[in-house]
$ cat entry_38.cif   # mmCIF, C-alpha atoms and all ligand atoms
data_final
loop_
_atom_site.group_PDB
_atom_site.id
_atom_site.type_symbol
_atom_site.label_atom_id
_atom_site.label_comp_id
_atom_site.auth_asym_id
_atom_site.auth_seq_id
_atom_site.Cartn_x
_atom_site.Cartn_y
_atom_site.Cartn_z
ATOM 1 C CA MET A 1 34.800 -76.261 35.008
ATOM 2 C CA GLU A 2 33.543 -79.461 33.407
ATOM 3 C CA GLU A 3 32.744 -82.224 35.898
ATOM 4 C CA ARG A 4 35.385 -84.952 36.078
ATOM 5 C CA ARG A 5 34.638 -88.380 34.661
ATOM 6 C CA VAL A 6 34.501 -91.265 37.153
ATOM 7 C CA ALA A 7 36.045 -94.746 36.969
ATOM 8 C CA LEU A 8 35.160 -97.612 39.329
ATOM 9 C CA ILE A 9 37.785 -100.344 39.536
ATOM 10 C CA THR A 10 36.927 -103.581 41.329
ATOM 11 C CA GLY A 11 39.940 -105.063 43.087
ATOM 12 C CA GLY A 12 41.604 -101.663 42.707
ATOM 13 C CA SER A 13 43.410 -101.827 46.036
ATOM 14 C CA ARG A 14 46.557 -103.530 44.723
ATOM 15 C CA GLY A 15 48.194 -105.190 41.727
ATOM 16 C CA ILE A 16 46.769 -104.624 38.259
ATOM 17 C CA GLY A 17 43.650 -102.874 39.603
ATOM 18 C CA LYS A 18 45.739 -100.334 41.497
ATOM 19 C CA ALA A 19 47.792 -99.562 38.379
ATOM 20 C CA ILE A 20 44.568 -99.085 36.396
ATOM 21 C CA ALA A 21 43.169 -96.757 39.080
ATOM 22 C CA LEU A 22 46.377 -94.683 39.007
ATOM 23 C CA LYS A 23 46.349 -94.492 35.210
ATOM 24 C CA PHE A 24 42.762 -93.170 35.106
ATOM 25 C CA ALA A 25 43.622 -90.743 37.940
ATOM 26 C CA LYS A 26 46.595 -89.415 35.944
ATOM 27 C CA GLU A 27 44.180 -88.868 33.050
ATOM 28 C CA GLY A 28 41.976 -86.744 35.341
ATOM 29 C CA TYR A 29 39.264 -89.195 36.396
ATOM 30 C CA ASN A 30 37.824 -89.349 39.911
ATOM 31 C CA ILE A 31 38.225 -92.881 41.199
ATOM 32 C CA VAL A 32 36.216 -95.438 43.136
ATOM 33 C CA VAL A 33 38.492 -98.182 44.418
ATOM 34 C CA ASN A 34 36.888 -101.423 45.509
ATOM 35 C CA GLY A 35 38.454 -104.189 47.555
ATOM 36 C CA VAL A 36 37.195 -106.926 49.785
ATOM 37 C CA SER A 37 39.386 -106.300 52.834
ATOM 38 C CA ASN A 38 39.690 -102.550 53.623
ATOM 39 C CA SER A 39 43.407 -103.165 54.173
ATOM 40 C CA GLU A 40 46.061 -100.589 55.088
ATOM 41 C CA GLU A 41 47.424 -101.168 51.575
ATOM 42 C CA ALA A 42 44.071 -100.111 50.130
ATOM 43 C CA LYS A 43 44.091 -96.919 52.219
ATOM 44 C CA GLU A 44 47.624 -96.163 50.968
ATOM 45 C CA THR A 45 46.403 -96.704 47.395
ATOM 46 C CA ILE A 46 43.694 -94.079 47.946
ATOM 47 C CA LYS A 47 46.303 -91.552 49.154
ATOM 48 C CA GLU A 48 48.495 -92.280 46.148
ATOM 49 C CA ILE A 49 45.559 -91.738 43.777
ATOM 50 C CA GLN A 50 44.588 -88.496 45.542
ATOM 51 C CA SER A 51 48.121 -87.165 45.045
ATOM 52 C CA ASN A 52 47.141 -86.774 41.372
ATOM 53 C CA ASN A 53 44.730 -83.998 42.395
ATOM 54 C CA VAL A 54 41.601 -86.066 41.826
ATOM 55 C CA GLU A 55 39.080 -87.417 44.308
ATOM 56 C CA ALA A 56 39.151 -91.076 45.317
ATOM 57 C CA ILE A 57 37.102 -93.219 47.674
ATOM 58 C CA LEU A 58 37.498 -96.773 48.918
ATOM 59 C CA LEU A 59 34.372 -98.937 48.969
ATOM 60 C CA LYS A 60 34.502 -102.371 50.498
ATOM 61 C CA ALA A 61 32.337 -104.998 48.795
ATOM 62 C CA ASP A 62 32.592 -108.631 47.807
ATOM 63 C CA VAL A 63 31.870 -108.589 44.067
ATOM 64 C CA SER A 64 30.355 -112.071 44.236
ATOM 65 C CA ASN A 65 27.582 -110.679 46.447
ATOM 66 C CA TYR A 66 24.909 -108.877 44.395
ATOM 67 C CA ASN A 67 23.522 -106.867 47.327
ATOM 68 C CA GLU A 68 26.973 -105.627 48.318
ATOM 69 C CA CYS A 69 27.595 -104.577 44.699
ATOM 70 C CA GLU A 70 24.308 -102.651 44.632
ATOM 71 C CA GLU A 71 25.205 -100.870 47.875
ATOM 72 C CA MET A 72 28.672 -100.018 46.563
ATOM 73 C CA VAL A 73 27.325 -98.537 43.337
ATOM 74 C CA LYS A 74 24.717 -96.563 45.313
ATOM 75 C CA GLN A 75 27.459 -95.052 47.482
ATOM 76 C CA ALA A 76 29.636 -94.293 44.456
ATOM 77 C CA VAL A 77 26.778 -92.470 42.753
ATOM 78 C CA GLU A 78 25.915 -90.588 45.975
ATOM 79 C CA LYS A 79 29.508 -89.349 46.083
ATOM 80 C CA PHE A 80 30.209 -88.623 42.409
ATOM 81 C CA GLY A 81 26.817 -88.626 40.668
ATOM 82 C CA ARG A 82 28.031 -90.747 37.740
ATOM 83 C CA ILE A 83 30.089 -93.748 36.650
ATOM 84 C CA ASP A 84 31.692 -93.447 33.215
ATOM 85 C CA VAL A 85 34.019 -96.438 33.378
ATOM 86 C CA LEU A 86 33.683 -99.819 35.063
ATOM 87 C CA VAL A 87 36.744 -102.045 35.227
ATOM 88 C CA ASN A 88 35.906 -105.608 36.267
ATOM 89 C CA ASN A 89 39.309 -106.524 37.635
ATOM 90 C CA ALA A 90 38.706 -108.313 40.976
ATOM 91 C CA GLY A 91 39.822 -111.915 40.676
ATOM 92 C CA ILE A 92 41.303 -114.850 42.538
ATOM 93 C CA THR A 93 42.913 -118.198 41.794
ATOM 94 C CA LYS A 94 42.476 -121.519 43.601
ATOM 95 C CA ASP A 95 44.629 -123.810 41.491
ATOM 96 C CA ASN A 96 44.611 -127.584 41.463
ATOM 97 C CA LEU A 97 44.352 -130.415 38.974
ATOM 98 C CA LEU A 98 40.716 -131.243 38.260
ATOM 99 C CA MET A 99 41.015 -134.580 40.058
ATOM 100 C CA ARG A 100 41.981 -132.720 43.235
ATOM 101 C CA MET A 101 39.844 -129.607 42.771
ATOM 102 C CA SER A 102 37.052 -129.296 45.321
ATOM 103 C CA GLU A 103 33.571 -128.221 44.324
ATOM 104 C CA GLU A 104 33.956 -125.339 46.769
ATOM 105 C CA ASP A 105 37.114 -124.057 45.018
ATOM 106 C CA PHE A 106 35.416 -124.308 41.635
ATOM 107 C CA ASP A 107 32.379 -122.359 42.852
ATOM 108 C CA LYS A 108 34.457 -119.726 44.675
ATOM 109 C CA VAL A 109 36.534 -118.813 41.622
ATOM 110 C CA ILE A 110 33.516 -118.721 39.314
ATOM 111 C CA SER A 111 31.507 -116.627 41.750
ATOM 112 C CA ILE A 112 34.171 -113.923 42.219
ATOM 113 C CA ASN A 113 35.705 -113.815 38.741
ATOM 114 C CA LEU A 114 32.669 -114.444 36.533
ATOM 115 C CA LYS A 115 29.564 -113.775 38.601
ATOM 116 C CA GLY A 116 31.275 -110.688 40.054
ATOM 117 C CA THR A 117 31.652 -109.411 36.481
ATOM 118 C CA PHE A 118 27.957 -110.144 35.860
ATOM 119 C CA ASN A 119 26.880 -108.423 39.098
ATOM 120 C CA MET A 120 28.829 -105.235 38.524
ATOM 121 C CA SER A 121 28.131 -105.005 34.788
ATOM 122 C CA LYS A 122 24.378 -105.462 35.296
ATOM 123 C CA ILE A 123 24.137 -102.795 37.977
ATOM 124 C CA VAL A 124 26.472 -100.218 36.409
ATOM 125 C CA SER A 125 25.351 -100.671 32.789
ATOM 126 C CA ALA A 126 21.792 -99.726 33.775
ATOM 127 C CA LEU A 127 23.131 -96.293 34.797
ATOM 128 C CA MET A 128 25.361 -96.035 31.735
ATOM 129 C CA MET A 129 22.517 -96.814 29.330
ATOM 130 C CA LYS A 130 20.413 -94.005 30.826
ATOM 131 C CA ARG A 131 23.293 -91.567 30.273
ATOM 132 C CA ARG A 132 24.027 -92.933 26.793
ATOM 133 C CA TYR A 133 27.690 -93.250 27.738
ATOM 134 C CA GLY A 134 29.822 -95.959 29.268
ATOM 135 C CA ARG A 135 32.970 -98.020 28.971
ATOM 136 C CA ILE A 136 33.244 -101.487 30.539
ATOM 137 C CA VAL A 137 36.623 -103.223 30.582
ATOM 138 C CA SER A 138 36.825 -106.727 32.039
ATOM 139 C CA ILE A 139 40.065 -108.466 32.887
ATOM 140 C CA SER A 140 40.193 -111.956 31.416
ATOM 141 C CA SER A 141 43.468 -113.886 30.960
ATOM 142 C CA VAL A 142 45.546 -115.758 28.363
ATOM 143 C CA VAL A 143 44.492 -118.796 30.345
ATOM 144 C CA GLY A 144 40.864 -118.129 29.381
ATOM 145 C CA VAL A 145 41.877 -118.301 25.716
ATOM 146 C CA ALA A 146 44.458 -121.106 25.748
ATOM 147 C CA GLY A 147 43.637 -123.098 28.925
ATOM 148 C CA ASN A 148 46.178 -124.162 31.568
ATOM 149 C CA ALA A 149 46.636 -127.416 33.445
ATOM 150 C CA GLY A 150 45.754 -126.873 37.098
ATOM 151 C CA GLN A 151 43.409 -123.985 36.393
ATOM 152 C CA CYS A 152 40.120 -125.501 35.139
ATOM 153 C CA ASN A 153 38.130 -123.222 37.451
ATOM 154 C CA TYR A 154 40.110 -120.063 36.675
ATOM 155 C CA ALA A 155 40.265 -120.730 32.912
ATOM 156 C CA ALA A 156 36.506 -121.361 32.820
ATOM 157 C CA SER A 157 35.856 -118.089 34.656
ATOM 158 C CA LYS A 158 38.149 -116.129 32.319
ATOM 159 C CA ALA A 159 36.755 -117.764 29.153
ATOM 160 C CA GLY A 160 33.299 -116.949 30.523
ATOM 161 C CA ILE A 161 34.268 -113.287 30.775
ATOM 162 C CA ILE A 162 35.087 -113.285 27.054
ATOM 163 C CA GLY A 163 31.680 -114.669 26.005
ATOM 164 C CA PHE A 164 29.994 -112.364 28.479
ATOM 165 C CA THR A 165 31.848 -109.311 27.115
ATOM 166 C CA LYS A 166 30.988 -110.047 23.486
ATOM 167 C CA SER A 167 27.300 -110.526 24.335
ATOM 168 C CA LEU A 168 27.261 -107.388 26.471
ATOM 169 C CA ALA A 169 28.910 -105.375 23.686
ATOM 170 C CA LYS A 170 26.115 -106.418 21.303
ATOM 171 C CA GLU A 171 23.400 -105.552 23.835
ATOM 172 C CA LEU A 172 24.770 -102.134 24.797
ATOM 173 C CA ALA A 173 26.251 -100.704 21.600
ATOM 174 C CA SER A 174 23.115 -98.822 20.605
ATOM 175 C CA ARG A 175 23.353 -96.867 23.885
ATOM 176 C CA ASN A 176 26.993 -95.897 23.331
ATOM 177 C CA VAL A 177 28.196 -98.274 26.036
ATOM 178 C CA LEU A 178 31.303 -100.137 24.845
ATOM 179 C CA ALA A 179 32.446 -103.403 26.425
ATOM 180 C CA ASN A 180 35.855 -104.982 25.909
ATOM 181 C CA ALA A 181 38.138 -107.467 27.625
ATOM 182 C CA ILE A 182 41.876 -107.652 28.211
ATOM 183 C CA ALA A 183 43.689 -110.980 28.336
ATOM 184 C CA PRO A 184 46.906 -110.362 30.279
ATOM 185 C CA GLY A 185 49.727 -112.868 30.145
ATOM 186 C CA PHE A 186 51.858 -113.357 33.260
ATOM 187 C CA ILE A 187 52.078 -110.104 35.188
ATOM 188 C CA ASN A 188 54.211 -109.337 38.257
ATOM 189 C CA THR A 189 51.706 -108.964 41.141
ATOM 190 C CA ASP A 190 50.865 -110.714 44.435
ATOM 191 C CA MET A 191 48.958 -113.308 42.364
ATOM 192 C CA THR A 192 52.108 -114.482 40.590
ATOM 193 C CA ALA A 193 54.525 -113.803 43.481
ATOM 194 C CA VAL A 194 53.738 -117.296 44.773
ATOM 195 C CA LEU A 195 55.321 -118.928 41.695
ATOM 196 C CA SER A 196 58.799 -120.415 42.217
ATOM 197 C CA ASP A 197 61.821 -119.015 40.341
ATOM 198 C CA THR A 198 61.943 -122.200 38.241
ATOM 199 C CA VAL A 199 58.299 -121.810 37.199
ATOM 200 C CA LYS A 200 58.911 -118.131 36.395
ATOM 201 C CA GLU A 201 61.945 -119.057 34.295
ATOM 202 C CA ASN A 202 59.870 -121.633 32.382
ATOM 203 C CA ILE A 203 57.156 -119.040 31.812
ATOM 204 C CA ASN A 204 59.675 -116.454 30.566
ATOM 205 C CA ASN A 205 61.006 -118.965 28.059
ATOM 206 C CA GLN A 206 57.511 -119.276 26.534
ATOM 207 C CA ILE A 207 57.137 -115.504 26.119
ATOM 208 C CA PRO A 208 58.588 -113.985 22.927
ATOM 209 C CA LEU A 209 59.481 -110.826 24.905
ATOM 210 C CA LYS A 210 61.214 -113.098 27.481
ATOM 211 C CA ARG A 211 59.827 -111.422 30.585
ATOM 212 C CA MET A 212 56.684 -111.101 32.654
ATOM 213 C CA GLY A 213 54.593 -107.973 32.182
ATOM 214 C CA THR A 214 54.019 -105.097 34.577
ATOM 215 C CA ALA A 215 50.701 -103.946 36.011
ATOM 216 C CA GLU A 216 51.306 -100.591 34.301
ATOM 217 C CA GLU A 217 51.401 -102.304 30.901
ATOM 218 C CA ILE A 218 47.904 -103.686 31.576
ATOM 219 C CA ALA A 219 46.758 -100.293 32.869
ATOM 220 C CA ASN A 220 47.778 -98.617 29.596
ATOM 221 C CA ALA A 221 45.644 -101.125 27.677
ATOM 222 C CA ALA A 222 42.731 -100.607 30.076
ATOM 223 C CA TYR A 223 42.869 -96.874 29.461
ATOM 224 C CA PHE A 224 43.118 -97.412 25.695
ATOM 225 C CA LEU A 225 39.840 -99.395 25.778
ATOM 226 C CA GLY A 226 38.128 -97.613 28.696
ATOM 227 C CA GLY A 227 39.071 -93.993 28.051
ATOM 228 C CA ALA A 228 36.850 -91.499 26.240
ATOM 229 C CA GLU A 229 39.216 -91.615 23.246
ATOM 230 C CA ASN A 230 37.895 -95.113 22.478
ATOM 231 C CA THR A 231 34.766 -94.472 20.465
ATOM 232 C CA TYR A 232 34.742 -97.381 17.995
ATOM 233 C CA ILE A 233 36.197 -100.513 19.631
ATOM 234 C CA THR A 234 33.713 -102.865 21.286
ATOM 235 C CA GLY A 235 33.389 -106.611 21.870
ATOM 236 C CA GLN A 236 37.140 -107.170 21.545
ATOM 237 C CA VAL A 237 39.669 -109.134 23.558
ATOM 238 C CA LEU A 238 43.065 -107.473 23.666
ATOM 239 C CA ASN A 239 45.962 -109.828 24.480
ATOM 240 C CA VAL A 240 48.635 -108.047 26.520
ATOM 241 C CA ASP A 241 51.067 -110.894 26.992
ATOM 242 C CA GLY A 242 54.473 -110.196 25.455
ATOM 243 C CA GLY A 243 53.433 -112.238 22.417
ATOM 244 C CA MET A 244 52.499 -115.483 24.236
ATOM 245 C CA LEU A 245 49.349 -115.927 22.140
ATOM 246 C CA MET A 246 49.336 -114.970 18.493
HETATM 247 P P1 LIG B 1 45.993 -109.467 43.106
HETATM 248 O O1 LIG B 1 47.277 -108.717 43.183
HETATM 249 O O2 LIG B 1 45.857 -110.760 43.825
HETATM 250 O O3 LIG B 1 44.801 -108.471 43.570
HETATM 251 C C1 LIG B 1 43.495 -108.941 43.604
HETATM 252 C C2 LIG B 1 42.537 -107.798 43.848
HETATM 253 O O4 LIG B 1 41.196 -108.317 43.806
HETATM 254 C C3 LIG B 1 42.718 -107.137 45.202
HETATM 255 O O5 LIG B 1 42.470 -105.765 45.038
HETATM 256 C C4 LIG B 1 41.635 -107.796 46.055
HETATM 257 O O6 LIG B 1 41.169 -106.967 47.110
HETATM 258 C C5 LIG B 1 40.532 -107.947 45.005
HETATM 259 N N1 LIG B 1 39.558 -108.967 45.352
HETATM 260 C C6 LIG B 1 39.736 -110.291 45.592
HETATM 261 N N2 LIG B 1 38.557 -110.901 45.870
HETATM 262 C C7 LIG B 1 37.603 -109.929 45.806
HETATM 263 C C8 LIG B 1 36.204 -109.916 45.992
HETATM 264 N N3 LIG B 1 35.534 -111.032 46.298
HETATM 265 N N4 LIG B 1 35.544 -108.737 45.848
HETATM 266 C C9 LIG B 1 36.206 -107.601 45.551
HETATM 267 N N5 LIG B 1 37.540 -107.551 45.359
HETATM 268 C C10 LIG B 1 38.223 -108.701 45.489
HETATM 269 O O7 LIG B 1 45.598 -109.783 41.586
HETATM 270 P P2 LIG B 1 46.188 -109.213 40.213
HETATM 271 O O8 LIG B 1 47.315 -110.074 39.809
HETATM 272 O O9 LIG B 1 46.350 -107.749 40.286
HETATM 273 O O10 LIG B 1 44.965 -109.588 39.235
HETATM 274 C C11 LIG B 1 43.961 -108.666 38.875
HETATM 275 C C12 LIG B 1 43.100 -109.295 37.790
HETATM 276 O O11 LIG B 1 43.918 -109.631 36.666
HETATM 277 C C13 LIG B 1 42.418 -110.603 38.212
HETATM 278 O O12 LIG B 1 41.146 -110.688 37.627
HETATM 279 C C14 LIG B 1 43.325 -111.656 37.623
HETATM 280 O O13 LIG B 1 42.646 -112.863 37.411
HETATM 281 C C15 LIG B 1 43.753 -110.988 36.335
HETATM 282 N N6 LIG B 1 44.974 -111.504 35.761
HETATM 283 C C16 LIG B 1 46.136 -111.464 36.464
HETATM 284 C C17 LIG B 1 47.289 -111.977 35.875
HETATM 285 C C18 LIG B 1 48.619 -111.959 36.574
HETATM 286 O O14 LIG B 1 49.560 -112.562 36.047
HETATM 287 N N7 LIG B 1 48.760 -111.314 37.708
HETATM 288 C C19 LIG B 1 47.234 -112.525 34.591
HETATM 289 C C20 LIG B 1 46.031 -112.553 33.909
HETATM 290 C C21 LIG B 1 44.897 -112.032 34.507
HETATM 291 P P3 LIG B 1 41.862 -106.942 48.587
HETATM 292 O O15 LIG B 1 43.121 -106.115 48.445
HETATM 293 O O16 LIG B 1 40.846 -106.316 49.454
HETATM 294 O O17 LIG B 1 42.172 -108.378 48.930
#

$ encode --input "entry_38.cif" --output "structure tokens"
Amino acid sequence: MEERRVALITGGSRGIGKAIALKFAKEGYNIVVNGVSNSEEAKETIKEIQSNNVEAILLKADVSNYNECEEMVKQAVEKFGRIDVLVNNAGITKDNLLMRMSEEDFDKVISINLKGTFNMSKIVSALMMKRRYGRIVSISSVVGVAGNAGQCNYAASKAGIIGFTKSLAKELASRNVLANAIAPGFINTDMTAVLSDTVKENINNQIPLKRMGTAEEIANAAYFLGGAENTYITGQVLNVDGGMLM
């Protein structure tokens, strides 16, 4: 039997990352789930993935820490021998107006969202280039394209991911490693659960489809760009936002 392909999803323990991990599992990939907390929820996610008759492991690492990323990738390769797909999904918000935003909150968001994407892409793409195969999908945001008051740090990190992805795509194309980004709109996860009903109603009014998206809708896009069927799309940003940005 042909060896299964392997997908590593940072921040795969819950939310959008979990949905992406489940989608790749349903398509027959073995899965490496990464989180920063080793929570019970993450362990449940692993069981759910395994119920698709694929193998899955949970590796704890803070993506903003280069050494921890290296160790995680080493363990993933020891277990599965390969990484075909990297999804840079781990991300946080620390919102505030610029006047009130601390230097610490700026640095924290940049270091997890953007530097984490650098760390993981650098380490994993070296392996992909050797194998002449790889798919890297990084999760940006509509906010990285359009900006958002109260999110200077987050928007900068997500805009950074777009420039990073386009540069990476140009560097890696000759080795058959494709790099793309997804810019989700507002998606129902823990990250947006903190928004009040009034804010959610205002958001829905700005979305042509008049509702927030689901993690599964982002997962379908991640598979479209990260699956083996994608052989000719690279350096692109796919908006999955119910029509918010056109
Ligand atoms: P979420 O529900 O808050 O989940 C965040 C995930 O990231 C968790 O798995 C968490 O792990 C992990 N994580 C956080 N810090 C980490 C670190 N330093 N190292 C490794 N993993 C870390 O978020 P989400 O809504 O699913 O968002 C996923 C991605 O989509 C993020 O990049 C986010 O910016 C982006 N996005 C989300 C929306 C939205 O509306 N939700 C819209 C646009 C873009 P633990 O479980 O261990 O804490």

$ residues_around --input "entry_38.cif" --residues "Asp84 in chain A" --least-positions-apart "3" --cutoff "12 Å" --atoms "all atoms listed in the file" --output "PyMOL selection string"
chain A and resi 3-9+24+29-32+76-77+80-81+87+124-137+176-178+226-228

$ atom_distance --input "entry_38.cif" --atom1 "CA of Ala173 in chain A" --atom2 "CA of Ser121 in chain A"
14.0 Å

$ axis_aligned_box --input "entry_38.cif" --around "range 184-188 of chain A" --padding-each-side "5 Å" --output "AutoDock Vina command-line options"
--center_x 50.6 --center_y -111.3 --center_z 34.2 --size_x 17.3 --size_y 14.0 --size_z 18.1

$ resolve_selection --input "entry_38.cif" --expression "the PyMOL selection byres (((chain A and resi 152) around 9) and not hetatm)" --output "PDB file with C-alpha atoms, keeping the file's coordinate frame"
ATOM      1  CA  ASP A  95      44.629-123.810  41.491  1.00  0.00           C
ATOM      2  CA  ASN A  96      44.611-127.584  41.463  1.00  0.00           C
ATOM      3  CA  LEU A  97      44.352-130.415  38.974  1.00  0.00           C
ATOM      4  CA  LEU A  98      40.716-131.243  38.260  1.00  0.00           C
ATOM      5  CA  MET A 101      39.844-129.607  42.771  1.00  0.00           C
ATOM      6  CA  PHE A 106      35.416-124.308  41.635  1.00  0.00           C
ATOM      7  CA  GLY A 147      43.637-123.098  28.925  1.00  0.00           C
ATOM      8  CA  ASN A 148      46.178-124.162  31.568  1.00  0.00           C
ATOM      9  CA  ALA A 149      46.636-127.416  33.445  1.00  0.00           C
ATOM     10  CA  GLY A 150      45.754-126.873  37.098  1.00  0.00           C
ATOM     11  CA  GLN A 151      43.409-123.985  36.393  1.00  0.00           C
ATOM     12  CA  ASN A 153      38.130-123.222  37.451  1.00  0.00           C
ATOM     13  CA  TYR A 154      40.110-120.063  36.675  1.00  0.00           C
ATOM     14  CA  ALA A 155      40.265-120.730  32.912  1.00  0.00           C
ATOM     15  CA  ALA A 156      36.506-121.361  32.820  1.00  0.00           C
ATOM     16  CA  SER A 157      35.856-118.089  34.656  1.00  0.00           C
TER      17      SER A 157
END

$ atom_distance --input "entry_38.cif" --atom1 "atom C20 of ligand LIG 1 (chain B)" --atom2 "CA of Val145 in chain A"
10.8 Å

$ closest_residue --input "entry_38.cif" --among "A:Ser167, A:Asn53, A:Asn188, A:Ser196" --to "ligand LIG 1 (chain B)" --atoms "all atoms listed in the file"
A:Asn188

$ closest_residue --input "entry_38.cif" --among "A:Leu238, A:Ser64, A:Gly12, A:Cys69" --to "Glu44 in chain A" --atoms "all atoms listed in the file"
A:Gly12

$ residues_near_ligand --input "entry_38.cif" --ligand "ligand LIG 1 (chain B)" --cutoff "8 Å" --atoms "only C-alpha atoms and all ligand atoms" --output "short mmCIF file (atom, residue, chain, number, x, y, z; two decimals) with C-alpha atoms, in the coordinates of the input"
data_model
loop_
_atom_site.label_atom_id
_atom_site.label_comp_id
_atom_site.auth_asym_id
_atom_site.auth_seq_id
_atom_site.Cartn_x
_atom_site.Cartn_y
_atom_site.Cartn_z
CA THR A 10 36.93 -103.58 41.33
CA GLY A 11 39.94 -105.06 43.09
CA GLY A 12 41.60 -101.66 42.71
CA SER A 13 43.41 -101.83 46.04
CA ARG A 14 46.56 -103.53 44.72
CA GLY A 15 48.19 -105.19 41.73
CA ILE A 16 46.77 -104.62 38.26
CA GLY A 17 43.65 -102.87 39.60
CA LYS A 18 45.74 -100.33 41.50
CA ASN A 34 36.89 -101.42 45.51
CA GLY A 35 38.45 -104.19 47.56
CA VAL A 36 37.20 -106.93 49.78
CA SER A 37 39.39 -106.30 52.83
CA ASN A 38 39.69 -102.55 53.62
CA SER A 39 43.41 -103.16 54.17
CA GLU A 41 47.42 -101.17 51.58
CA ALA A 42 44.07 -100.11 50.13
CA LYS A 60 34.50 -102.37 50.50
CA ALA A 61 32.34 -105.00 48.80
CA ASP A 62 32.59 -108.63 47.81
CA VAL A 63 31.87 -108.59 44.07
CA SER A 64 30.36 -112.07 44.24
CA ASN A 65 27.58 -110.68 46.45
CA ASN A 88 35.91 -105.61 36.27
CA ASN A 89 39.31 -106.52 37.64
CA ALA A 90 38.71 -108.31 40.98
CA GLY A 91 39.82 -111.92 40.68
CA ILE A 92 41.30 -114.85 42.54
CA THR A 93 42.91 -118.20 41.79
CA ILE A 112 34.17 -113.92 42.22
CA ASN A 113 35.70 -113.82 38.74
CA GLY A 116 31.28 -110.69 40.05
CA ILE A 139 40.06 -108.47 32.89
CA SER A 140 40.19 -111.96 31.42
CA SER A 141 43.47 -113.89 30.96
CA VAL A 142 45.55 -115.76 28.36
CA VAL A 143 44.49 -118.80 30.34
CA TYR A 154 40.11 -120.06 36.67
CA LYS A 158 38.15 -116.13 32.32
CA ALA A 183 43.69 -110.98 28.34
CA PRO A 184 46.91 -110.36 30.28
CA GLY A 185 49.73 -112.87 30.14
CA PHE A 186 51.86 -113.36 33.26
CA ILE A 187 52.08 -110.10 35.19
CA ASN A 188 54.21 -109.34 38.26
CA THR A 189 51.71 -108.96 41.14
CA ASP A 190 50.86 -110.71 44.44
CA MET A 191 48.96 -113.31 42.36
CA THR A 192 52.11 -114.48 40.59
CA GLY A 213 54.59 -107.97 32.18
CA ALA A 215 50.70 -103.95 36.01
#

$ atom_distance --input "entry_38.cif" --atom1 "CA of Ile46 in chain A" --atom2 "CA of Glu217 in chain A"
20.4 Å

$ closest_residue --input "entry_38.cif" --among "A:Ile182, A:Leu225, A:Met246, A:Val240" --to "Met212 in chain A" --atoms "all atoms listed in the file"
A:Val240

$ closest_residue --input "entry_38.cif" --among "A:Ile203, A:Ile161, A:Leu209, A:Leu195" --to "Val237 in chain A" --atoms "only C-alpha atoms"
A:Ile161

$ closest_residue --input "entry_38.cif" --among "A:Met99, A:Leu245, A:Ala159, A:Tyr66" --to "Lys115 in chain A" --atoms "all atoms listed in the file"
A:Tyr66

$ closest_residue --input "entry_38.cif" --among "A:Ala193, A:Ala25, A:Glu103, A:Ile20" --to "Glu216 in chain A" --atoms "only C-alpha atoms"
A:Ile20
